[in-house]
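What's in final_21.cif: mmCIF, C-alpha atoms
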data_final
loop_
_atom_site.label_atom_id
_atom_site.label_comp_id
_atom_site.auth_asym_id
_atom_site.auth_seq_id
_atom_site.Cartn_x
_atom_site.Cartn_y
_atom_site.Cartn_z
CA MET A 1 290.80 58.64 61.20
CA SER A 2 291.89 61.31 63.67
CA ARG A 3 289.56 62.27 66.48
CA PRO A 4 287.76 65.63 66.50
CA LYS A 5 289.45 68.66 68.06
CA ILE A 6 287.85 69.52 71.39
CA GLY A 7 287.61 73.11 72.59
CA LEU A 8 286.60 74.26 76.07
CA ALA A 9 284.91 77.65 76.57
CA LEU A 10 285.02 78.90 80.16
CA GLY A 11 282.67 81.77 80.87
CA ALA A 12 282.57 84.80 83.14
CA GLY A 13 280.99 84.79 86.57
CA SER A 14 283.39 86.28 89.12
CA ALA A 15 283.45 84.07 92.25
CA ARG A 16 281.03 81.63 90.62
CA GLY A 17 283.85 80.88 88.19
CA PHE A 18 285.42 78.61 90.81
CA ALA A 19 282.96 76.03 89.47
CA HIS A 20 285.21 75.78 86.39
CA ILE A 21 287.76 74.01 88.59
CA GLY A 22 285.29 71.23 89.36
CA VAL A 23 284.50 70.85 85.67
CA LEU A 24 288.20 70.52 84.84
CA GLN A 25 288.59 67.89 87.55
CA VAL A 26 285.84 65.72 86.08
CA LEU A 27 287.06 66.08 82.48
CA GLU A 28 290.55 65.00 83.56
CA GLU A 29 289.24 62.12 85.66
CA HIS A 30 287.45 60.75 82.59
CA GLY A 31 290.38 61.30 80.24
CA ILE A 32 288.60 63.78 78.00
CA PRO A 33 291.28 65.60 76.01
CA ILE A 34 291.19 69.39 75.70
CA ASP A 35 292.91 70.63 72.55
CA CYS A 36 292.23 74.34 72.93
CA MET A 37 290.62 76.74 75.38
CA ALA A 38 289.01 80.16 75.34
CA GLY A 39 288.25 82.11 78.48
CA THR A 40 286.34 85.19 79.52
CA SER A 41 286.92 87.02 82.81
CA MET A 42 287.09 84.45 85.66
CA GLY A 43 287.02 81.74 83.02
CA ALA A 44 290.14 83.26 81.48
CA LEU A 45 291.87 83.30 84.86
CA ILE A 46 291.11 79.66 85.64
CA ALA A 47 292.02 78.59 82.09
CA ALA A 48 295.36 80.43 82.19
CA LEU A 49 296.36 78.85 85.49
CA TYR A 50 295.34 75.39 84.29
CA ALA A 51 297.06 75.71 80.91
CA SER A 52 300.26 76.91 82.60
CA GLY A 53 300.53 73.58 84.38
CA ILE A 54 298.58 73.91 87.64
CA THR A 55 296.48 70.80 88.19
CA PRO A 56 292.76 71.08 88.97
CA GLY A 57 293.49 69.65 92.41
CA ASP A 58 296.02 72.37 93.16
CA LEU A 59 293.67 74.98 91.70
CA ALA A 60 291.04 73.85 94.20
CA LYS A 61 293.50 74.21 97.08
CA LEU A 62 294.51 77.65 95.85
CA ALA A 63 290.88 78.78 95.52
CA VAL A 64 290.01 77.99 99.13
CA SER A 65 293.24 79.30 100.67
CA LEU A 66 294.21 82.48 98.78
CA PRO A 67 293.31 85.49 100.98
CA ARG A 68 291.50 88.34 99.26
CA LYS A 69 294.02 90.91 100.51
CA SER A 70 296.71 89.19 98.43
CA TRP A 71 295.04 90.21 95.16
CA VAL A 72 292.80 93.21 95.92
CA ASP A 73 294.41 96.67 95.78
CA PRO A 74 291.75 99.34 96.43
CA THR A 75 292.25 102.72 94.79
CA VAL A 76 290.63 106.14 94.91
CA PRO A 77 287.60 105.76 92.61
CA ARG A 78 288.03 107.35 89.20
CA MET A 79 287.66 104.56 86.65
CA GLY A 80 287.34 101.67 89.10
CA LEU A 81 287.48 100.65 92.76
CA VAL A 82 290.33 98.15 92.38
CA LEU A 83 293.60 99.06 90.69
CA GLY A 84 294.33 95.53 89.45
CA ASP A 85 298.13 95.59 89.62
CA ARG A 86 298.22 93.16 92.52
CA ILE A 87 296.13 90.46 90.88
CA MET A 88 298.09 90.87 87.63
CA GLU A 89 301.30 90.20 89.54
CA VAL A 90 299.76 87.14 91.21
CA VAL A 91 298.71 85.78 87.81
CA ARG A 92 302.14 86.54 86.33
CA PHE A 93 303.77 84.54 89.14
CA LEU A 94 301.37 81.60 88.94
CA THR A 95 301.56 81.35 85.14
CA LYS A 96 305.37 81.70 85.24
CA GLY A 97 305.10 84.65 82.86
CA LEU A 98 304.22 82.32 79.99
CA ALA A 99 302.73 83.59 76.74
CA LEU A 100 299.30 82.40 75.60
CA GLU A 101 300.78 80.64 72.58
CA HIS A 102 303.09 78.62 74.86
CA LEU A 103 300.36 77.32 77.14
CA THR A 104 299.14 73.72 76.97
CA PRO A 105 296.48 73.62 75.70
CA PRO A 106 296.72 76.93 73.83
CA LEU A 107 294.43 79.64 75.16
CA TRP A 108 292.69 82.68 73.68
CA VAL A 109 291.31 85.31 76.03
CA VAL A 110 288.37 87.65 75.41
CA ALA A 111 288.20 91.31 76.49
CA THR A 112 286.07 94.29 75.41
CA ASP A 113 287.20 97.57 73.87
CA LEU A 114 285.22 100.00 76.01
CA GLU A 115 285.44 102.94 73.62
CA ARG A 116 284.65 101.04 70.40
CA GLY A 117 282.32 98.43 71.85
CA GLU A 118 284.26 95.65 70.14
CA ARG A 119 285.37 92.18 71.11
CA VAL A 120 289.13 91.94 71.54
CA VAL A 121 290.73 88.49 71.49
CA PHE A 122 294.22 87.97 72.90
CA ARG A 123 295.84 85.17 70.90
CA GLU A 124 299.46 85.67 71.91
CA GLY A 125 301.59 87.56 74.38
CA PRO A 126 301.86 87.30 78.17
CA ALA A 127 298.92 85.42 79.64
CA TYR A 128 298.84 87.62 82.73
CA ARG A 129 298.23 90.77 80.67
CA ALA A 130 295.40 89.12 78.75
CA VAL A 131 293.79 87.90 81.98
CA ARG A 132 294.12 91.34 83.58
CA ALA A 133 292.22 92.84 80.64
CA SER A 134 289.54 90.16 80.62
CA ILE A 135 288.73 90.40 84.34
CA SER A 136 288.32 94.20 84.30
CA ILE A 137 284.71 94.25 85.50
CA PRO A 138 283.33 97.73 84.69
CA GLY A 139 283.07 99.87 87.80
CA ILE A 140 285.14 97.48 89.92
CA PHE A 141 288.51 97.11 88.19
CA VAL A 142 290.29 100.00 86.57
CA PRO A 143 290.20 99.32 82.79
CA PHE A 144 293.37 97.90 81.26
CA MET A 145 295.21 99.84 78.56
CA SER A 146 296.70 97.71 75.77
CA GLU A 147 298.01 98.98 72.44
CA GLY A 148 296.01 102.17 72.75
CA ARG A 149 292.77 100.37 73.62
CA LEU A 150 290.90 100.78 76.89
CA LEU A 151 289.82 97.25 77.77
CA VAL A 152 287.23 95.89 80.19
CA ASP A 153 285.68 92.53 81.04
CA GLY A 154 285.18 90.22 78.07
CA GLY A 155 281.78 89.20 79.40
CA VAL A 156 280.37 92.48 78.13
CA VAL A 157 280.54 91.09 74.58
CA GLU A 158 281.01 87.32 74.99
CA ARG A 159 280.23 85.97 78.42
CA VAL A 160 280.84 82.37 77.35
CA PRO A 161 283.44 82.38 74.52
CA ILE A 162 281.87 79.77 72.26
CA ARG A 163 282.50 81.79 69.09
CA THR A 164 286.13 82.33 70.06
CA VAL A 165 286.93 78.68 70.66
CA ARG A 166 285.28 77.84 67.32
CA GLU A 167 287.68 80.29 65.71
CA MET A 168 290.51 78.27 67.22
CA GLY A 169 289.40 75.36 65.04
CA ALA A 170 287.45 73.32 67.58
CA ASP A 171 285.22 70.64 66.07
CA ILE A 172 283.46 69.98 69.37
CA VAL A 173 282.83 72.84 71.80
CA VAL A 174 282.17 72.22 75.47
CA ALA A 175 280.83 75.43 77.00
CA VAL A 176 280.74 76.10 80.74
CA ASP A 177 278.26 78.74 81.90
CA VAL A 178 278.37 79.51 85.63
CA GLY A 179 275.53 82.04 85.55
CA LYS A 180 272.71 79.63 86.41
CA GLY A 181 271.08 80.24 89.76
CA GLN A 182 269.21 82.82 91.78
CA ALA A 183 270.58 86.28 92.44
CA GLY A 184 272.42 86.40 95.74
CA PRO A 185 271.80 88.96 98.48
CA VAL A 186 272.75 92.56 97.67
CA ARG A 187 274.95 93.88 100.48
CA HIS A 188 277.40 96.34 98.96
CA ILE A 189 278.43 98.14 95.78
CA PHE A 190 280.23 95.08 94.40
CA ASP A 191 276.98 93.07 94.53
CA VAL A 192 275.08 95.92 92.87
CA ILE A 193 277.54 96.10 89.97
CA LEU A 194 278.00 92.37 89.45
CA GLN A 195 274.33 91.45 89.65
CA SER A 196 273.41 94.27 87.29
CA ILE A 197 275.93 92.94 84.78
CA ASP A 198 274.66 89.36 85.23
CA ILE A 199 271.11 90.44 84.46
CA MET A 200 272.14 92.37 81.36
CA GLU A 201 274.22 89.50 79.99
CA ARG A 202 271.74 86.70 80.68
CA GLU A 203 269.64 87.01 77.52
CA MET A 204 272.72 87.22 75.31
CA VAL A 205 274.16 84.08 76.92
CA ASN A 206 270.94 82.12 76.48
CA ALA A 207 270.93 82.97 72.78
CA ARG A 208 274.52 81.83 72.30
CA LEU A 209 274.59 78.59 74.31
CA PRO A 210 272.85 76.48 71.60
CA GLU A 211 275.90 77.12 69.40
CA ALA A 212 277.94 74.81 71.64
CA ASP A 213 277.91 71.04 71.23
CA PHE A 214 277.78 70.45 74.98
CA VAL A 215 276.80 72.88 77.73
CA ILE A 216 277.73 72.46 81.37
CA GLN A 217 275.69 74.74 83.64
CA PRO A 218 276.36 74.30 87.34
CA ASP A 219 273.38 75.31 89.46
CA MET A 220 274.94 77.92 91.73
CA GLY A 221 271.80 78.33 93.83
CA ASP A 222 271.86 81.66 95.61
CA MET A 223 275.66 81.86 95.82
CA GLY A 224 276.45 85.32 94.54
CA SER A 225 279.26 86.53 92.31
CA THR A 226 281.13 87.97 95.31
CA ALA A 227 280.91 84.84 97.50
CA PHE A 228 284.64 84.05 97.30
CA GLY A 229 284.44 82.35 100.69
CA GLN A 230 282.27 79.61 99.18
CA ALA A 231 284.88 78.41 96.70
CA GLY A 232 284.76 74.80 97.91
CA GLU A 233 281.00 74.53 97.42
CA MET A 234 281.21 76.17 94.00
CA ILE A 235 283.85 73.65 92.90
CA GLU A 236 281.54 70.82 93.99
CA ARG A 237 278.67 72.35 92.00
CA GLY A 238 280.96 72.35 88.96
CA ARG A 239 281.82 68.68 89.52
CA ALA A 240 278.16 67.72 89.82
CA ALA A 241 277.19 69.50 86.61
CA ALA A 242 280.11 68.04 84.67
CA ARG A 243 279.25 64.50 85.76
CA GLU A 244 275.81 64.94 84.21
CA VAL A 245 277.31 65.68 80.79
CA VAL A 246 280.56 63.71 80.72
CA GLY A 247 278.89 60.49 79.55
CA GLU A 248 277.47 62.25 76.49
CA ILE A 249 280.89 63.66 75.62
CA LEU A 250 282.51 60.23 75.91
CA ARG A 251 279.87 58.70 73.65
CA ARG A 252 280.43 61.45 71.07
CA LEU A 253 284.13 60.57 71.12
CA GLY A 254 283.35 56.85 70.86
CA LEU A 255 284.82 56.12 74.29
CA PRO A 256 283.28 53.93 77.01
CA GLU A 257 282.32 55.60 80.27
CA GLY A 258 284.72 55.56 83.19
CA SER A 259 288.24 56.73 83.88
CA PRO A 260 291.16 56.03 81.51
CA GLU A 261 292.40 53.39 83.99
CA GLU A 262 289.04 51.63 83.96
CA ARG A 263 288.97 51.66 80.15
CA ARG A 264 292.45 50.13 80.00
CA GLU A 265 291.38 47.35 82.39
CA ASP A 266 288.41 46.56 80.13
#
Just give me the structure of the file as structure tokens.
Amino acid sequence: MSRPKIGLALGAGSARGFAHIGVLQVLEEHGIPIDCMAGTSMGALIAALYASGITPGDLAKLAVSLPRKSWVDPTVPRMGLVLGDRIMEVVRFLTKGLALEHLTPPLWVVATDLERGERVVFREGPAYRAVRASISIPGIFVPFMSEGRLLVDGGVVERVPIRTVREMGADIVVAVDVGKGQAGPVRHIFDVILQSIDIMEREMVNARLPEADFVIQPDMGDMGSTAFGQAGEMIERGRAAAREVVGEILRRLGLPEGSPEERRED
């Protein structure tokens, strides 16, 4: 009998999304297979880099060393404060220009049609374009135009893409929600926008999380969504939360606890 198909849903959270890297590290360390992934906003970015072949260890190094000026391109405010071309080019380079359908595991990315209020799911095509659409936080990034649609952050409609990864055929869904914690200090317009969005999305997320088989919720404390300088701590929070759940996932799969090497020795 074949094992169940495992899907990983990585949610939005801006800088808090660095916790996804810690979760990926723990899942790999325990040999938990990931057959498909869905990502929203920062979750889409981390998922695309991982599925294009960057190891969780290298993702962690990248998170703590990549200077903000390398991906932020401010613009005269009209539809957003950040143009987004620079980060799209960074993602294109890091993902080697690969299409979503050629990633391993395959990835679907969630965005929002701003004019129609609809969920838009990228299932194929260049990963960097899908990520650029999904990370378009309203008011911060200029919306992304794709096939005549004006697209913004996928978290507006599906902060944690549980429904989307189910549509990929996942039998078991592991959802990662990085929104748990206190609101961080409000210091500038980015904090105002991001915390307002977090508050609006919170109730919707809480209603959807029970639809997942397993939920990993790192406690981010008072680390805010713009605290990019705290990437290392956020990764550790992700590791800690994943370790609390990994035993349950292994039991569901009928596997003993421990790393693949330890299981082979037994």
Checklist entry - What separation in Å, quoted to one decimal, exists between atom CA of A:Arg92 and atom CA of A:Val26? => result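 One can read the atom CA of A:Arg92 to atom CA of A:Val26 distance as 26.4 Å.
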If I wrap all listed atoms of stretch 205-219 of chain A in a box with edges along x, y and z and add 3 Å on each side, what are its centre and edge lengths in Å to one decimal, as AutoDock Vina command-line options?
--center_x 274.4 --center_y 77.3 --center_z 79.4 --size_x 13.0 --size_y 19.6 --size_z 26.1
Spatial sel., origin (291.2, 64.4, 82.2), limit 12 Å, all atoms listed in the file, listed as a PDB file with C-alpha atoms, in the frame of the given file:
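Once written, part.pdb looks like this:
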ATOM      1  CA  GLY A  22     285.290  71.230  89.360  1.00  0.00           C
ATOM      2  CA  VAL A  23     284.500  70.850  85.670  1.00  0.00           C
ATOM      3  CA  LEU A  24     288.200  70.520  84.840  1.00  0.00           C
ATOM      4  CA  GLN A  25     288.590  67.890  87.550  1.00  0.00           C
ATOM      5  CA  VAL A  26     285.840  65.720  86.080  1.00  0.00           C
ATOM      6  CA  LEU A  27     287.060  66.080  82.480  1.00  0.00           C
ATOM      7  CA  GLU A  28     290.550  65.000  83.560  1.00  0.00           C
ATOM      8  CA  GLU A  29     289.240  62.120  85.660  1.00  0.00           C
ATOM      9  CA  HIS A  30     287.450  60.750  82.590  1.00  0.00           C
ATOM     10  CA  GLY A  31     290.380  61.300  80.240  1.00  0.00           C
ATOM     11  CA  ILE A  32     288.600  63.780  78.000  1.00  0.00           C
ATOM     12  CA  PRO A  33     291.280  65.600  76.010  1.00  0.00           C
ATOM     13  CA  ILE A  34     291.190  69.390  75.700  1.00  0.00           C
ATOM     14  CA  ASP A  35     292.910  70.630  72.550  1.00  0.00           C
ATOM     15  CA  TYR A  50     295.340  75.390  84.290  1.00  0.00           C
ATOM     16  CA  THR A  55     296.480  70.800  88.190  1.00  0.00           C
ATOM     17  CA  PRO A  56     292.760  71.080  88.970  1.00  0.00           C
ATOM     18  CA  GLY A  57     293.490  69.650  92.410  1.00  0.00           C
ATOM     19  CA  ALA A 242     280.110  68.040  84.670  1.00  0.00           C
ATOM     20  CA  VAL A 246     280.560  63.710  80.720  1.00  0.00           C
ATOM     21  CA  LEU A 250     282.510  60.230  75.910  1.00  0.00           C
ATOM     22  CA  GLY A 258     284.720  55.560  83.190  1.00  0.00           C
ATOM     23  CA  SER A 259     288.240  56.730  83.880  1.00  0.00           C
ATOM     24  CA  PRO A 260     291.160  56.030  81.510  1.00  0.00           C
ATOM     25  CA  GLU A 261     292.400  53.390  83.990  1.00  0.00           C
TER      26      GLU A 261
END
Next on the checklist: Residue by residue, what does the PyMOL selection byres ((chain A and resi 222-229) around 12) grab here? Present the result as a PyMOL selection string.
Outcome noted: chain A and resi 12-19+42+62-68+137+140+178-199+218-221+230-235+237
Next on the checklist: I'd like the interatomic distance between atom CA of A:Gly154 and atom CA of A:Phe141, to a tenth of an Å.
Outcome noted: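 According to the coordinates, atom CA of A:Gly154 and atom CA of A:Phe141 are separated by 12.7 Å.
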Item to check | Target residues per the PyMOL selection byres ((chain A and resi 174) around 7), formatted as an NGL selection string | outcome: :A and (7-9 or 172-173 or 175-176 or 212-215)
Checklist entry - Which distance in Å separates atom CA of A:Glu244 and atom CA of A:Ile216, to one decimal? => result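 Separation between atom CA of A:Glu244 and atom CA of A:Ile216: 8.3 Å.
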Item to check | Residue nearest A:Leu98 - candidates A:Leu49, A:Ala111, A:Leu59, A:Met145, atoms counted: all atoms listed in the file | outcome: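 Ranking A:Leu49, A:Ala111, A:Leu59, A:Met145 by distance to A:Leu98, first place goes to A:Leu49.
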Next on the checklist: Evaluate the PyMOL selection byres ((chain A and resi 107) around 6) against this structure - the residues, as a list in words, please.
Outcome noted: Met37, Ala38, Leu100, Pro106 and Trp108 of chain A
Expected file contents, prior selection, C-alpha atoms, as an mmCIF file, in the coordinates of the input:
data_model
loop_
_atom_site.group_PDB
_atom_site.id
_atom_site.type_symbol
_atom_site.label_atom_id
_atom_site.label_comp_id
_atom_site.auth_asym_id
_atom_site.auth_seq_id
_atom_site.Cartn_x
_atom_site.Cartn_y
_atom_site.Cartn_z
ATOM 1 C CA MET A 37 290.620 76.740 75.380
ATOM 2 C CA ALA A 38 289.010 80.160 75.340
ATOM 3 C CA LEU A 100 299.300 82.400 75.600
ATOM 4 C CA PRO A 106 296.720 76.930 73.830
ATOM 5 C CA TRP A 108 292.690 82.680 73.680
#
Item to check | Selected residue, from A:Val142, A:Val245, A:Val165, A:Ile54, that lies nearest to A:Leu81 when counting all atoms listed in the file | outcome: A:Val142
Checklist entry - So which residues touch A:Leu45 within 8 Å, counting all atoms listed in the file, skipping near sequence neighbours fewer than 3 positions away, as a PyMOL selection string? => result chain A and resi 39-42+48-49+91+131+135
Checklist entry - With distances taken over all atoms listed in the file, which of A:Ala127, A:Val110, A:Ile21, A:Ala170 is nearest to A:Phe93? => result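 Under the stated criterion, the closest residue is A:Ala127.
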Item to check | Residue with smallest distance to A:Asn206 - pool A:Glu118, A:Leu150, A:Lys5, A:Glu158, counting all atoms listed in the file | outcome: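 Ranking A:Glu118, A:Leu150, A:Lys5, A:Glu158 by distance to A:Asn206, first place goes to A:Glu158.
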